[in-house]
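Undergrad: Pasting my_file27.cif below, which is mmCIF, C-alpha atoms and all ligand atoms.
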```
data_query
#
loop_
_atom_site.label_atom_id
_atom_site.label_comp_id
_atom_site.auth_asym_id
_atom_site.auth_seq_id
_atom_site.Cartn_x
_atom_site.Cartn_y
_atom_site.Cartn_z
CA MET A 40 103.18 -71.49 22.35
CA VAL A 41 104.74 -69.18 19.78
CA GLY A 42 106.16 -66.85 22.47
CA ASN A 43 109.38 -65.23 21.27
CA LEU A 44 109.70 -67.59 18.34
CA PHE A 45 109.91 -64.92 15.63
CA SER A 46 112.36 -62.67 17.45
CA ASP A 47 114.45 -65.75 18.32
CA VAL A 48 114.52 -66.71 14.65
CA ALA A 49 115.41 -63.12 13.63
CA ASN A 50 118.33 -63.15 16.10
CA THR A 51 119.48 -66.52 14.79
CA VAL A 52 119.37 -65.28 11.19
CA GLU A 53 121.37 -62.20 12.22
CA PHE A 54 123.92 -64.38 14.02
CA VAL A 55 124.40 -66.67 11.01
CA GLN A 56 124.79 -63.73 8.63
CA LEU A 57 127.40 -62.06 10.86
CA ALA A 58 129.32 -65.32 11.35
CA GLN A 59 129.43 -65.75 7.55
CA ARG A 60 130.54 -62.13 7.11
CA PHE A 61 133.51 -62.57 9.46
CA ALA A 62 134.37 -66.19 8.58
CA SER A 63 137.39 -65.28 6.46
CA ILE A 64 139.25 -63.51 9.31
CA GLU A 65 141.89 -65.73 10.88
CA GLY A 66 141.64 -65.84 14.66
CA TRP A 67 140.59 -67.88 17.64
CA LEU A 68 137.25 -66.39 18.60
CA GLY A 69 134.26 -68.68 18.20
CA PRO A 70 131.00 -67.36 16.70
CA ALA A 71 129.06 -67.61 19.99
CA ASP A 72 131.70 -65.50 21.71
CA GLY A 73 131.60 -63.10 18.77
CA TYR A 74 127.84 -62.71 18.90
CA LEU A 75 128.05 -61.95 22.62
CA LEU A 76 130.55 -59.14 21.86
CA TYR A 77 128.33 -57.87 19.05
CA ARG A 78 125.24 -57.72 21.27
CA LEU A 79 127.06 -56.07 24.19
CA ALA A 80 128.59 -53.48 21.84
CA ARG A 81 125.20 -52.80 20.25
CA ASP A 82 122.82 -53.12 23.19
CA GLY A 83 124.89 -53.03 26.43
CA GLU A 84 123.76 -50.45 28.98
CA GLY A 85 125.66 -47.33 29.88
CA ALA A 86 127.88 -44.83 28.15
CA GLY A 87 131.61 -44.98 27.65
CA ALA A 88 134.33 -46.36 25.43
CA ILE A 89 134.72 -49.90 24.11
CA VAL A 90 138.24 -51.30 24.58
CA GLU A 91 139.72 -54.54 23.26
CA ILE A 92 143.03 -55.94 24.50
CA GLY A 93 144.38 -58.29 21.83
CA SER A 94 143.14 -57.82 18.25
CA TRP A 95 145.47 -60.01 16.13
CA MET A 96 143.87 -59.89 12.65
CA GLY A 97 140.65 -58.29 13.84
CA LEU A 98 138.17 -61.13 14.32
CA SER A 99 136.89 -60.01 17.74
CA THR A 100 137.36 -56.36 16.68
CA ALA A 101 134.99 -56.92 13.77
CA TRP A 102 132.21 -58.32 15.99
CA LEU A 103 132.60 -55.42 18.43
CA ALA A 104 132.78 -52.70 15.79
CA ALA A 105 129.85 -54.11 13.80
CA GLY A 106 127.67 -54.11 16.93
CA SER A 107 128.58 -50.62 18.00
CA LYS A 108 128.32 -49.26 14.46
CA ALA A 109 124.88 -50.84 13.95
CA ALA A 110 123.61 -48.77 16.89
CA GLY A 111 125.59 -45.61 16.01
CA ARG A 112 127.53 -45.93 19.25
CA GLU A 113 131.18 -45.63 20.30
CA THR A 114 134.25 -46.56 18.24
CA VAL A 115 136.32 -49.55 19.36
CA HIS A 116 139.81 -48.92 20.77
CA ALA A 117 141.81 -51.93 19.55
CA VAL A 118 144.93 -52.27 21.75
CA ASP A 119 147.65 -54.61 20.46
CA VAL A 120 151.39 -54.68 19.96
CA PHE A 121 150.51 -56.55 16.73
CA ASP A 122 153.69 -58.65 16.97
CA GLY A 123 151.92 -61.64 18.52
CA GLY A 124 153.20 -60.90 22.01
CA PRO A 125 155.02 -63.67 23.89
CA MET A 126 152.44 -66.38 23.03
CA LEU A 127 152.30 -66.21 19.25
CA LYS A 128 155.90 -65.77 18.09
CA ASP A 129 155.75 -69.14 16.29
CA GLN A 130 152.87 -68.15 14.00
CA ASP A 131 153.83 -68.03 10.29
CA ILE A 132 152.83 -64.41 9.82
CA ILE A 133 154.95 -63.29 12.77
CA ARG A 134 157.98 -65.32 11.67
CA THR A 135 157.77 -64.00 8.10
CA GLU A 136 156.36 -60.50 8.48
CA GLY A 137 156.76 -59.65 12.17
CA THR A 138 153.33 -58.04 12.49
CA THR A 139 149.63 -58.60 11.89
CA TYR A 140 148.82 -54.90 11.64
CA HIS A 141 148.56 -54.74 7.85
CA ARG A 142 146.30 -57.83 7.81
CA PHE A 143 144.21 -56.32 10.63
CA SER A 144 143.76 -53.02 8.77
CA GLU A 145 143.03 -54.73 5.42
CA ASN A 146 140.38 -56.91 7.08
CA MET A 147 138.72 -53.94 8.77
CA GLU A 148 138.78 -51.88 5.54
CA THR A 149 137.30 -54.73 3.49
CA LEU A 150 134.45 -55.12 5.98
CA GLY A 151 133.77 -51.37 6.02
CA LEU A 152 134.48 -51.19 9.74
CA PHE A 153 137.79 -49.33 9.94
CA ASP A 154 135.98 -46.00 10.36
CA HIS A 155 134.60 -47.37 13.64
CA ILE A 156 137.94 -48.54 15.06
CA GLU A 157 140.82 -46.68 16.70
CA PRO A 158 143.92 -48.89 16.66
CA VAL A 159 146.23 -48.40 19.65
CA VAL A 160 149.57 -49.94 18.66
CA ALA A 161 151.04 -50.30 22.13
CA GLU A 162 151.77 -52.61 24.99
CA SER A 163 148.55 -53.03 26.96
CA ALA A 164 149.86 -51.93 30.39
CA ALA A 165 151.43 -48.79 28.92
CA ALA A 166 148.22 -47.96 27.04
CA ALA A 167 146.17 -48.42 30.24
CA ARG A 168 148.44 -46.10 32.20
CA GLN A 169 148.18 -43.45 29.45
CA TRP A 170 144.43 -43.85 28.89
CA THR A 171 142.72 -40.44 28.59
CA LYS A 172 139.48 -41.37 26.80
CA GLY A 173 137.31 -41.47 29.92
CA PRO A 174 135.07 -44.22 31.28
CA ILE A 175 134.85 -47.62 29.59
CA ARG A 176 131.51 -49.40 29.29
CA LEU A 177 132.78 -52.58 27.60
CA LEU A 178 136.22 -54.17 28.03
CA PHE A 179 137.31 -57.31 26.19
CA ILE A 180 140.51 -58.97 27.46
CA ASP A 181 142.31 -61.32 25.05
CA GLY A 182 146.00 -60.39 25.17
CA ASP A 183 148.83 -62.17 26.99
CA HIS A 184 147.19 -65.14 28.79
CA ARG A 185 149.88 -65.75 31.44
CA TYR A 186 148.64 -64.99 34.96
CA PRO A 187 150.79 -61.95 35.85
CA ALA A 188 150.03 -60.36 32.47
CA VAL A 189 146.30 -61.03 32.33
CA LYS A 190 145.92 -60.00 36.00
CA GLN A 191 147.76 -56.77 35.22
CA ASP A 192 145.50 -56.14 32.21
CA PHE A 193 142.45 -56.69 34.41
CA ASP A 194 143.71 -54.49 37.27
CA LEU A 195 144.92 -51.60 35.12
CA TRP A 196 142.00 -51.48 32.69
CA THR A 197 139.07 -52.18 35.03
CA ARG A 198 139.90 -48.99 36.96
CA HIS A 199 138.35 -47.21 33.98
CA VAL A 200 135.25 -49.42 33.71
CA VAL A 201 132.05 -47.71 34.88
CA ALA A 202 129.79 -49.30 37.49
CA GLY A 203 127.30 -51.28 35.43
CA GLY A 204 129.87 -51.78 32.66
CA TYR A 205 130.92 -55.19 31.30
CA VAL A 206 134.21 -57.08 31.21
CA VAL A 207 134.52 -60.06 28.88
CA LEU A 208 137.42 -62.40 29.60
CA ASP A 209 138.47 -64.74 26.80
CA ASP A 210 139.93 -68.23 27.21
CA ALA A 211 139.11 -69.07 30.84
CA ILE A 212 139.76 -72.72 29.97
CA ASP A 213 142.14 -75.49 31.10
CA ALA A 214 144.59 -74.73 28.28
CA TYR A 215 145.19 -71.29 29.84
CA PRO A 216 145.60 -71.77 33.61
CA GLY A 217 146.55 -68.11 34.06
CA VAL A 218 143.23 -66.90 32.68
CA LEU A 219 141.38 -69.59 34.63
CA GLN A 220 143.06 -68.42 37.85
CA LEU A 221 142.01 -64.83 37.16
CA TYR A 222 138.47 -65.94 36.29
CA ARG A 223 138.12 -67.79 39.60
CA GLY A 224 139.41 -64.75 41.48
CA ILE A 225 136.86 -62.44 39.87
CA LEU A 226 134.09 -64.97 40.47
CA ALA A 227 134.96 -64.96 44.19
CA ASP A 228 134.99 -61.15 44.36
CA THR A 229 131.23 -60.83 44.63
CA ALA A 230 131.44 -57.39 46.25
CA HIS A 231 132.68 -55.93 42.97
CA TRP A 232 131.74 -58.29 40.14
CA GLN A 233 128.60 -60.14 39.12
CA HIS A 234 129.01 -63.06 36.74
CA GLN A 235 126.66 -62.77 33.76
CA CYS A 236 127.24 -65.67 31.38
CA ARG A 237 129.59 -68.05 29.61
CA ALA A 238 129.52 -68.02 25.79
CA GLY A 239 132.00 -70.31 24.03
CA HIS A 240 135.30 -69.59 25.78
CA THR A 241 134.33 -66.17 27.15
CA GLU A 242 133.16 -65.28 30.64
CA THR A 243 131.28 -62.02 31.14
CA PHE A 244 131.17 -59.98 34.35
CA ARG A 245 129.29 -56.82 35.26
CA LYS A 246 130.97 -54.31 37.52
CA ILE A 247 128.95 -53.65 40.67
CA ALA A 248 131.21 -51.03 42.20
C1 LIG A 301 144.90 -64.48 21.18
S1 LIG A 301 145.42 -63.12 20.22
C2 LIG A 301 143.95 -62.16 20.08
C3 LIG A 301 142.93 -62.81 19.21
C4 LIG A 301 141.82 -61.91 18.74
N1 LIG A 301 141.08 -61.33 19.83
C5 LIG A 301 140.87 -62.66 17.83
O1 LIG A 301 139.66 -62.56 17.98
O2 LIG A 301 141.36 -63.34 16.92
C6 LIG A 301 146.39 -62.21 21.39
C7 LIG A 301 146.85 -60.85 20.87
O3 LIG A 301 147.34 -60.12 21.98
C8 LIG A 301 148.47 -59.37 21.60
N2 LIG A 301 149.26 -59.13 22.82
C9 LIG A 301 149.91 -60.04 23.59
N3 LIG A 301 150.48 -59.46 24.64
C10 LIG A 301 150.20 -58.14 24.55
C11 LIG A 301 150.51 -56.99 25.33
N4 LIG A 301 151.22 -57.10 26.47
N5 LIG A 301 150.05 -55.79 24.95
C12 LIG A 301 149.31 -55.66 23.80
N6 LIG A 301 148.98 -56.71 23.02
C13 LIG A 301 149.42 -57.92 23.37
C14 LIG A 301 149.17 -60.21 20.55
O4 LIG A 301 149.95 -59.40 19.67
C15 LIG A 301 147.98 -60.89 19.85
O5 LIG A 301 147.61 -60.19 18.68
#
```
Would you mind writing the file's structure down as structure tokens?
TA:
Amino acid sequence: MVGNLFSDVANTVEFVQLAQRFASIEGWLGPADGYLLYRLARDGEGAGAIVEIGSWMGLSTAWLAAGSKAAGRETVHAVDVFDGGPMLKDQDIIRTEGTTYHRFSENMETLGLFDHIEPVVAESAAAARQWTKGPIRLLFIDGDHRYPAVKQDFDLWTRHVVAGGYVVLDDAIDAYPGVLQLYRGILADTAHWQHQCRAGHTETFRKIA
């Protein structure tokens, strides 16, 4: 049976081309996770902003912005202190330059995506408390992975997520017990969250109410 063979192949070709396009950006996001972000940004239901917590040099930002831009949809609010936060102080670029912002902006310019991104150079909790851009339809959480911090990101930002909107949580894996603890808590909260899928290291939930 041919079935969806040709559309499956077209999606695979698209995935490979995007992964090649973003391959030079240093970061931790795998291509499966990236393609999930791309498709949610491009095709996810609902109206509202797209917000990313934790951009680093823009790998996940690029997947999100490319998806949203392809559909002529919302810009991506990229929230990051850009100094590595508490987890990444030992990275060469932080030790030598103190920030990834210039690398982030160069990468986004080179890819032709900077016009679809609004950088928010701020601590995530402060940015959430000052958020004035209305409902959020897609939230990607990849900032500080320690439990109190990631739980705070989830609690403060998901207040703005619309019913039917998506939250993608990165790194719910053994190496990050804080994120894993949060993931298990959301999974158990079936009155408010419906688990959608795992792709690479990301877990995606849809807000019920
Ligand atoms: C794992 S990296 C993000 C990786 C990125 N999503 C990618 O695809 O490569 C975590 C980022 O979160 C940022 N960060 C850590 N704690 C933060 C906080 N409290 N507020 C804002 N950004 C924070 C760091 O500066 C760092 O750039």
Undergrad: Using only C-alpha atoms and all ligand atoms, what are the residues with an atom within 6 Å of ligand LIG 301 (chain A), set out as a list in words?
TA: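 These are the residues that qualify: Gly66, Trp67, Leu68, Gly93, Ser94, Trp95, Gly97, Leu98, Ser99, Val118, Asp119, Val120, Phe121, Asp122, Gly123, Gly124, Ala161, Glu162, Ser163, Asp181, Gly182 and Asp183 of chain A.
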Undergrad: Would you kindly return, as a ChimeraX atom specification, each protein, DNA or RNA residue with an atom no farther than 8 Å from any atom of stretch 197-199 of chain A, considering only C-alpha atoms and excluding same-chain residues fewer than 6 positions away?
TA: /A:173-175,178,206
Undergrad: Pick out the residues sitting within 12 Å of stretch 69-74 of chain A, and hand them over as number ranges by chain; count only C-alpha atoms, and ignore anything fewer than 6 positions along from it in its own chain.
TA: A: 50-62, 80-82, 97-106, 179, 181, 207-210, 236-243
Undergrad: What is the atom CA of A:Tyr215-atom CA of A:Glu136 distance in Å, reported with one decimal?
TA: 26.4 Å
Undergrad: Find the residue from A:Leu152, A:Ala166, A:Ala248, A:Leu127 that sits nearest to A:Gly204; use all atoms listed in the file when measuring.
TA: A:Ala248
Undergrad: Between atom CA of A:Ala88 and atom CA of A:Thr139, what distance in Å does the model show, to one decimal?
TA: 23.8 Å
Undergrad: If you take every atom of stretch 227-232 of chain A that the file lists and fit an axis-aligned box around them with 8 Å extra on each side, what centre and edge lengths come out in Å to one decimal, as AutoDock Vina command-line options?
TA:
```
--center_x 133.1 --center_y -60.4 --center_z 43.2 --size_x 19.8 --size_y 25.0 --size_z 22.1
```
Undergrad: Tell me, in Å to one decimal, how far atom CA of A:Pro216 is from atom CA of A:Arg245.
TA: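 Between atom CA of A:Pro216 and atom CA of A:Arg245 the gap works out to 22.2 Å.
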Undergrad: For A:Ser144, which of A:Ile64, A:Ile212, A:Ala109, A:Val200 is the closest residue, counting all atoms listed in the file?
TA: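 Among A:Ile64, A:Ile212, A:Ala109, A:Val200, it is A:Ile64 that comes nearest to A:Ser144.
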Undergrad: Show me, as a list in words, the residues that have an atom within 7 Å of A:Leu195 when counting only C-alpha atoms, minus same-chain residues fewer than 4 positions from it.
TA: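 These residues fall inside the cut-off: Ala164, Ala167 and Gln191 of chain A.
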Undergrad: Would you pick out the contacts of A:Gly217 at 8 Å or less, using all atoms listed in the file, so that residues sharing its chain but fewer than 6 positions from it are not included, and give the list as JSON, numbers by chain?
TA: {"A": [184, 185, 186, 187, 189]}
Undergrad: Would you output stretch 85-195 of chain A from that structure, restricted to C-alpha atoms, as a PDB file, in the first residue's frame?
TA:
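Dumped everything to result.pdb:
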```
ATOM      1  CA  GLY A  85      -4.372  28.205  18.196  1.00  0.00           C
ATOM      2  CA  ALA A  86      -3.250  31.795  18.242  1.00  0.00           C
ATOM      3  CA  GLY A  87      -0.737  33.418  20.534  1.00  0.00           C
ATOM      4  CA  ALA A  88       2.941  34.045  21.059  1.00  0.00           C
ATOM      5  CA  ILE A  89       5.810  31.569  20.828  1.00  0.00           C
ATOM      6  CA  VAL A  90       8.196  31.747  23.801  1.00  0.00           C
ATOM      7  CA  GLU A  91      11.521  29.996  24.307  1.00  0.00           C
ATOM      8  CA  ILE A  92      13.291  29.872  27.675  1.00  0.00           C
ATOM      9  CA  GLY A  93      16.989  29.207  27.031  1.00  0.00           C
ATOM     10  CA  SER A  94      18.386  30.095  23.588  1.00  0.00           C
ATOM     11  CA  TRP A  95      22.188  29.831  24.011  1.00  0.00           C
ATOM     12  CA  MET A  96      23.501  30.249  20.430  1.00  0.00           C
ATOM     13  CA  GLY A  97      20.099  29.883  18.810  1.00  0.00           C
ATOM     14  CA  LEU A  98      19.810  26.250  17.743  1.00  0.00           C
ATOM     15  CA  SER A  99      16.284  25.676  19.098  1.00  0.00           C
ATOM     16  CA  THR A 100      15.411  29.301  18.257  1.00  0.00           C
ATOM     17  CA  ALA A 101      16.252  28.634  14.610  1.00  0.00           C
ATOM     18  CA  TRP A 102      13.937  25.603  14.382  1.00  0.00           C
ATOM     19  CA  LEU A 103      11.102  27.551  16.024  1.00  0.00           C
ATOM     20  CA  ALA A 104      11.556  30.714  13.973  1.00  0.00           C
ATOM     21  CA  ALA A 105      11.918  28.815  10.685  1.00  0.00           C
ATOM     22  CA  GLY A 106       8.638  26.977  11.345  1.00  0.00           C
ATOM     23  CA  SER A 107       6.691  30.052  12.314  1.00  0.00           C
ATOM     24  CA  LYS A 108       8.177  32.115   9.493  1.00  0.00           C
ATOM     25  CA  ALA A 109       7.355  29.428   6.906  1.00  0.00           C
ATOM     26  CA  ALA A 110       3.675  29.813   7.823  1.00  0.00           C
ATOM     27  CA  GLY A 111       3.777  33.617   8.216  1.00  0.00           C
ATOM     28  CA  ARG A 112       2.919  33.248  11.893  1.00  0.00           C
ATOM     29  CA  GLU A 113       4.148  34.781  15.165  1.00  0.00           C
ATOM     30  CA  THR A 114       7.690  35.903  15.984  1.00  0.00           C
ATOM     31  CA  VAL A 115       9.642  33.918  18.584  1.00  0.00           C
ATOM     32  CA  HIS A 116      10.380  35.556  21.952  1.00  0.00           C
ATOM     33  CA  ALA A 117      13.818  34.188  22.865  1.00  0.00           C
ATOM     34  CA  VAL A 118      14.316  34.618  26.639  1.00  0.00           C
ATOM     35  CA  ASP A 119      17.871  34.157  27.925  1.00  0.00           C
ATOM     36  CA  VAL A 120      20.351  35.851  30.214  1.00  0.00           C
ATOM     37  CA  PHE A 121      22.905  34.800  27.556  1.00  0.00           C
ATOM     38  CA  ASP A 122      25.600  34.304  30.212  1.00  0.00           C
ATOM     39  CA  GLY A 123      25.092  30.537  30.415  1.00  0.00           C
ATOM     40  CA  GLY A 124      23.165  30.724  33.673  1.00  0.00           C
ATOM     41  CA  PRO A 125      24.357  28.598  36.600  1.00  0.00           C
ATOM     42  CA  MET A 126      24.825  25.413  34.508  1.00  0.00           C
ATOM     43  CA  LEU A 127      27.140  26.585  31.740  1.00  0.00           C
ATOM     44  CA  LYS A 128      29.706  28.845  33.402  1.00  0.00           C
ATOM     45  CA  ASP A 129      32.490  26.409  32.444  1.00  0.00           C
ATOM     46  CA  GLN A 130      31.864  26.672  28.694  1.00  0.00           C
ATOM     47  CA  ASP A 131      34.768  28.249  26.753  1.00  0.00           C
ATOM     48  CA  ILE A 132      32.693  31.055  25.288  1.00  0.00           C
ATOM     49  CA  ILE A 133      31.398  32.077  28.720  1.00  0.00           C
ATOM     50  CA  ARG A 134      34.847  31.966  30.319  1.00  0.00           C
ATOM     51  CA  THR A 135      36.401  34.023  27.505  1.00  0.00           C
ATOM     52  CA  GLU A 136      33.592  36.305  26.361  1.00  0.00           C
ATOM     53  CA  GLY A 137      30.978  36.145  29.128  1.00  0.00           C
ATOM     54  CA  THR A 138      28.018  35.955  26.755  1.00  0.00           C
ATOM     55  CA  THR A 139      26.604  34.046  23.796  1.00  0.00           C
ATOM     56  CA  TYR A 140      24.444  36.932  22.603  1.00  0.00           C
ATOM     57  CA  HIS A 141      26.691  38.041  19.746  1.00  0.00           C
ATOM     58  CA  ARG A 142      26.995  34.433  18.501  1.00  0.00           C
ATOM     59  CA  PHE A 143      23.218  34.024  18.825  1.00  0.00           C
ATOM     60  CA  SER A 144      22.518  37.184  16.814  1.00  0.00           C
ATOM     61  CA  GLU A 145      25.147  36.369  14.153  1.00  0.00           C
ATOM     62  CA  ASN A 146      23.667  32.889  13.714  1.00  0.00           C
ATOM     63  CA  MET A 147      20.126  34.225  13.374  1.00  0.00           C
ATOM     64  CA  GLU A 148      21.236  36.939  10.903  1.00  0.00           C
ATOM     65  CA  THR A 149      23.171  34.447   8.775  1.00  0.00           C
ATOM     66  CA  LEU A 150      20.129  32.177   8.562  1.00  0.00           C
ATOM     67  CA  GLY A 151      17.835  35.084   7.661  1.00  0.00           C
ATOM     68  CA  LEU A 152      15.711  34.474  10.747  1.00  0.00           C
ATOM     69  CA  PHE A 153      16.514  37.435  12.984  1.00  0.00           C
ATOM     70  CA  ASP A 154      13.542  39.385  11.613  1.00  0.00           C
ATOM     71  CA  HIS A 155      11.311  36.680  13.105  1.00  0.00           C
ATOM     72  CA  ILE A 156      12.858  36.715  16.591  1.00  0.00           C
ATOM     73  CA  GLU A 157      12.483  39.070  19.539  1.00  0.00           C
ATOM     74  CA  PRO A 158      15.369  38.529  21.963  1.00  0.00           C
ATOM     75  CA  VAL A 159      14.479  39.088  25.618  1.00  0.00           C
ATOM     76  CA  VAL A 160      17.783  39.496  27.460  1.00  0.00           C
ATOM     77  CA  ALA A 161      16.530  38.830  30.965  1.00  0.00           C
ATOM     78  CA  GLU A 162      16.242  36.346  33.761  1.00  0.00           C
ATOM     79  CA  SER A 163      13.340  34.036  32.931  1.00  0.00           C
ATOM     80  CA  ALA A 164      11.287  34.555  36.119  1.00  0.00           C
ATOM     81  CA  ALA A 165      11.552  38.344  35.818  1.00  0.00           C
ATOM     82  CA  ALA A 166      10.550  38.202  32.141  1.00  0.00           C
ATOM     83  CA  ALA A 167       7.534  36.010  32.996  1.00  0.00           C
ATOM     84  CA  ARG A 168       6.366  38.417  35.686  1.00  0.00           C
ATOM     85  CA  GLN A 169       6.681  41.353  33.268  1.00  0.00           C
ATOM     86  CA  TRP A 170       5.130  39.557  30.278  1.00  0.00           C
ATOM     87  CA  THR A 171       2.641  41.829  28.461  1.00  0.00           C
ATOM     88  CA  LYS A 172       2.453  40.146  25.041  1.00  0.00           C
ATOM     89  CA  GLY A 173      -0.769  38.232  25.707  1.00  0.00           C
ATOM     90  CA  PRO A 174      -1.531  34.522  25.419  1.00  0.00           C
ATOM     91  CA  ILE A 175       1.153  32.006  24.493  1.00  0.00           C
ATOM     92  CA  ARG A 176       0.360  29.121  22.139  1.00  0.00           C
ATOM     93  CA  LEU A 177       3.784  27.433  22.226  1.00  0.00           C
ATOM     94  CA  LEU A 178       6.245  27.434  25.145  1.00  0.00           C
ATOM     95  CA  PHE A 179       9.642  25.742  24.998  1.00  0.00           C
ATOM     96  CA  ILE A 180      11.461  25.336  28.333  1.00  0.00           C
ATOM     97  CA  ASP A 181      15.237  24.793  28.190  1.00  0.00           C
ATOM     98  CA  GLY A 182      16.775  27.150  30.761  1.00  0.00           C
ATOM     99  CA  ASP A 183      18.078  26.327  34.237  1.00  0.00           C
ATOM    100  CA  HIS A 184      17.478  22.559  34.705  1.00  0.00           C
ATOM    101  CA  ARG A 185      17.569  22.443  38.525  1.00  0.00           C
ATOM    102  CA  TYR A 186      14.186  21.542  40.031  1.00  0.00           C
ATOM    103  CA  PRO A 187      13.290  24.824  41.800  1.00  0.00           C
ATOM    104  CA  ALA A 188      14.267  26.826  38.701  1.00  0.00           C
ATOM    105  CA  VAL A 189      12.588  24.677  36.065  1.00  0.00           C
ATOM    106  CA  LYS A 190       9.459  24.347  38.247  1.00  0.00           C
ATOM    107  CA  GLN A 191       9.387  28.129  38.608  1.00  0.00           C
ATOM    108  CA  ASP A 192       9.752  28.559  34.831  1.00  0.00           C
ATOM    109  CA  PHE A 193       6.869  26.137  34.298  1.00  0.00           C
ATOM    110  CA  ASP A 194       4.600  27.742  36.922  1.00  0.00           C
ATOM    111  CA  LEU A 195       5.237  31.360  35.921  1.00  0.00           C
TER     112      LEU A 195
END
```
